[in-house]
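**Student:** Sending over a structure as structure tokens; questions will come in a sec.
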Amino acid sequence: MKTLSINLENCYGIEQLNETLSFEGVNANLIYAPNGVMKTSLAKTFLKISEGKVPEELVYEKTPFFEIKSDGTNINAENILVVEPFSPSFDSKNLSTLLVNQEMKTVYDKVYKDILDAKKRLITELNKVSKVKKEELESTIKSDLGLPDLFESIRFLQLANIGNDSYSKLPYTKIFDPKVTELLSDETIKSGIADYTDRYNDLIERSPIFKKNGFNPVKASTIISSLKKEKFFEAEHKVLLNGNGEPLNSLAELEVAIEHEKETILGDGNLKVISQKIIQGVAPVKAFQELLEDCPEISTELNDIQNFKKIIWCSYYIEKKYFSIIY
């Protein structure tokens, strides 16, 4: 291309622009101007044309006119590339038009498409296992691993040998919920949580009423509230608890039985302090307690939350080798 002629009227605030840019002996033209002199309007105009659409005049609703010619011939939309500023997710189907060599352009197009497709599959798979929102995944991984981009982060996961098979199905959002992080910052809980988990699960196993990975003190409180709300006992129903010879005839009797069993489990020292903070917490904290029941070994990782985040992402890699599709 030797010349680019631009003739615009009423395009995004540009009343009139008629200019010919020469590319004789140069590869580019630089347009430099102060703010408010229609540089953005010019970019919007080219962007619309590249999309096969007509530029507009949005303020005064005047009829737009545009004519852009390359060496005297109307320019093709596919030969226009507009790079949007400050957009980390920017993508353009015309990006490869910057490559002059057709063979290299074809190779680039395929590789670029393969990478984007692989990235989308990766985000989808990670969303399923971690429960982190798709739009937040990339920034979360980069932040947790302390790396500048997703591709370096995946390389880290491939090379690091710190994952744990038993962590591979743990949802990230339950472990690192802000309320959980706040709870774990309590020094008493940080120092005693491993002992709590071991002791708690041991007592649950011995209980005739509660069961590990099943009906636990947290769920018992929910059941009591539900039965009260639905007026279960007012309909003259009864409840027979495992280990009790006689059925319970009232909400008061059920509350006494449940509280007695809970006190047997939660009534000692640090265990009681930690348990009450968790049980009386908000929903995300209660969910974390149940996660500790299912996988008590994570309590040993909670003293270094930042390192535990790296371990979790590496554990997902062990479970799903799909990370390799990026390379």
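Each chain of the structure tokens is named A, B, ... in the order shown, its residues numbered from 1; ligands are numbered from 1 in display order.
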Using only C-alpha atoms, which residues sit within 12 Å of Thr140 in chain A once same-chain residues fewer than 5 positions away are excluded, as a list of chain:residue names?

**Tutor:**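 After dropping sequence-adjacent residues, the list is A:Ile123, A:Leu126, A:Asn127, A:Ser130, A:Lys131, A:Val132, A:Lys133, A:Lys134, A:Glu135, A:Leu145, A:Gly146, A:Leu147, A:Pro148, A:Asp149, A:Leu150, A:Ser153, A:Tyr172, A:Thr173, A:Phe176, A:Gln306, A:Lys309, A:Lys310, A:Trp313.
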
**Student:** Please return as a ChimeraX atom specification: the residues of range 8-225 of chain A that backbone DSSP assigns to alpha helix (DSSP H).

**Tutor:** /A:39-50,102-130,134-145,150-159,172-175,178-184,187-206,217-225

**Student:** Determine the nearest neighbour of Leu21 in chain A from the options A:Lys110, A:Asn7, A:Tyr317, A:Gly163, counting only C-alpha atoms.

**Tutor:** A:Asn7

**Student:** Applying 10 Å and only C-alpha atoms, which residues near range 209-224 of chain A remain after dropping the ones on its own chain fewer than 4 positions away? List them as a PyMOL selection string.

**Tutor:** chain A and resi 200-205+228-229+232+241-244+251-252+254-255+257-259+261-263+265-266+275+278-280+286-287+289-295

**Student:** What does the file look like for those residues with C-alpha atoms, as a compact mmCIF listing (two decimals), in the first residue's frame?

**Tutor:**
# COMPACT_ATOMS: atom_id res chain seq x y z
CA TYR A 200 -13.92 -33.90 66.53
CA ASN A 201 -13.95 -36.77 64.04
CA ASP A 202 -13.05 -39.25 66.75
CA LEU A 203 -15.99 -38.12 68.90
CA ILE A 204 -18.36 -38.12 65.92
CA GLU A 205 -17.41 -41.73 65.16
CA LYS A 228 -40.17 -26.04 64.41
CA LYS A 229 -41.03 -23.96 61.35
CA PHE A 232 -43.91 -31.10 62.88
CA LEU A 241 -33.16 -41.31 67.43
CA ASN A 242 -30.59 -44.06 67.05
CA GLY A 243 -29.56 -45.23 70.55
CA ASN A 244 -32.78 -44.02 72.20
CA LEU A 251 -39.55 -30.25 70.01
CA ALA A 252 -38.31 -29.61 73.53
CA LEU A 254 -35.58 -33.34 70.66
CA GLU A 255 -33.65 -30.19 71.51
CA ALA A 257 -31.41 -34.91 73.23
CA ILE A 258 -29.50 -33.14 70.47
CA GLU A 259 -27.95 -30.61 72.81
CA GLU A 261 -25.09 -35.21 72.38
CA LYS A 262 -23.57 -32.03 71.03
CA GLU A 263 -22.28 -31.15 74.48
CA ILE A 265 -18.77 -33.88 71.57
CA LEU A 266 -18.20 -30.16 71.77
CA SER A 275 -16.68 -25.51 67.17
CA ILE A 278 -17.81 -22.39 63.27
CA ILE A 279 -21.35 -23.59 64.03
CA GLN A 280 -22.58 -20.09 64.84
CA LYS A 286 -20.39 -23.97 58.16
CA ALA A 287 -19.65 -25.41 54.74
CA GLN A 289 -16.54 -27.24 58.76
CA GLU A 290 -18.16 -30.03 56.76
CA LEU A 291 -15.22 -29.94 54.37
CA LEU A 292 -12.89 -30.45 57.33
CA GLU A 293 -14.91 -33.49 58.32
CA ASP A 294 -14.51 -34.98 54.86
CA CYS A 295 -10.83 -34.15 54.52

**Student:** If we count only C-alpha atoms and set the cut-off at 12 Å, which residues sit around Asn76 in chain A, ignoring sequence neighbours fewer than 2 positions away in its own chain? Please answer as a ChimeraX atom specification.

**Tutor:** /A:46,49-52,67-70,73-74,78-81,94,97

**Student:** How would the residues just picked look written out with N, CA and C atoms as a CSV table (one decimal), in the first residue's frame?

**Tutor:**
chain,number,residue,atom,x,y,z
A,46,PHE,N,-13.1,3.3,12.2
A,46,PHE,CA,-12.4,2.1,11.5
A,46,PHE,C,-12.9,0.8,12.1
A,49,ILE,N,-16.2,-0.2,10.6
A,49,ILE,CA,-16.0,-0.6,9.2
A,49,ILE,C,-15.4,-2.0,9.2
A,50,SER,N,-14.5,-2.3,10.1
A,50,SER,CA,-13.9,-3.6,10.2
A,50,SER,C,-14.9,-4.7,10.5
A,51,GLU,N,-15.9,-4.3,11.2
A,51,GLU,CA,-17.0,-5.2,11.6
A,51,GLU,C,-18.1,-5.4,10.5
A,52,GLY,N,-17.9,-4.7,9.4
A,52,GLY,CA,-18.9,-4.7,8.4
A,52,GLY,C,-20.1,-3.9,8.7
A,67,GLU,N,-15.6,7.0,3.3
A,67,GLU,CA,-15.0,6.5,2.1
A,67,GLU,C,-13.5,6.3,2.4
A,68,ILE,N,-13.0,5.1,2.5
A,68,ILE,CA,-11.6,4.8,2.8
A,68,ILE,C,-11.1,4.0,1.7
A,69,LYS,N,-10.0,4.5,1.1
A,69,LYS,CA,-9.4,3.8,-0.1
A,69,LYS,C,-7.9,3.5,0.1
A,70,SER,N,-7.6,2.3,-0.3
A,70,SER,CA,-6.1,2.0,-0.3
A,70,SER,C,-5.7,1.9,-1.8
A,73,THR,N,-8.5,2.1,-4.2
A,73,THR,CA,-9.6,1.1,-4.2
A,73,THR,C,-10.2,1.0,-2.8
A,74,ASN,N,-11.5,0.9,-2.7
A,74,ASN,CA,-12.1,0.8,-1.4
A,74,ASN,C,-11.5,-0.3,-0.6
A,78,GLU,N,-11.7,-6.8,6.1
A,78,GLU,CA,-10.8,-7.8,6.7
A,78,GLU,C,-9.3,-7.3,6.7
A,79,ASN,N,-9.1,-6.1,6.1
A,79,ASN,CA,-7.7,-5.6,6.1
A,79,ASN,C,-7.5,-4.5,7.1
A,80,ILE,N,-8.6,-4.3,7.9
A,80,ILE,CA,-8.5,-3.3,9.0
A,80,ILE,C,-8.4,-4.0,10.4
A,81,LEU,N,-7.4,-3.5,11.1
A,81,LEU,CA,-7.3,-4.0,12.5
A,81,LEU,C,-7.2,-2.8,13.4
A,94,ASN,N,-8.9,-10.2,13.0
A,94,ASN,CA,-8.0,-9.6,12.0
A,94,ASN,C,-6.6,-9.4,12.4
A,97,THR,N,-3.6,-10.1,10.2
A,97,THR,CA,-3.3,-9.3,9.0
A,97,THR,C,-2.1,-8.5,9.2

**Student:** Between A:Gly245, A:Gly13, A:Gly25, A:Pro64, single out the one closest to Ser41 in chain A, counting only C-alpha atoms.

**Tutor:** A:Gly13
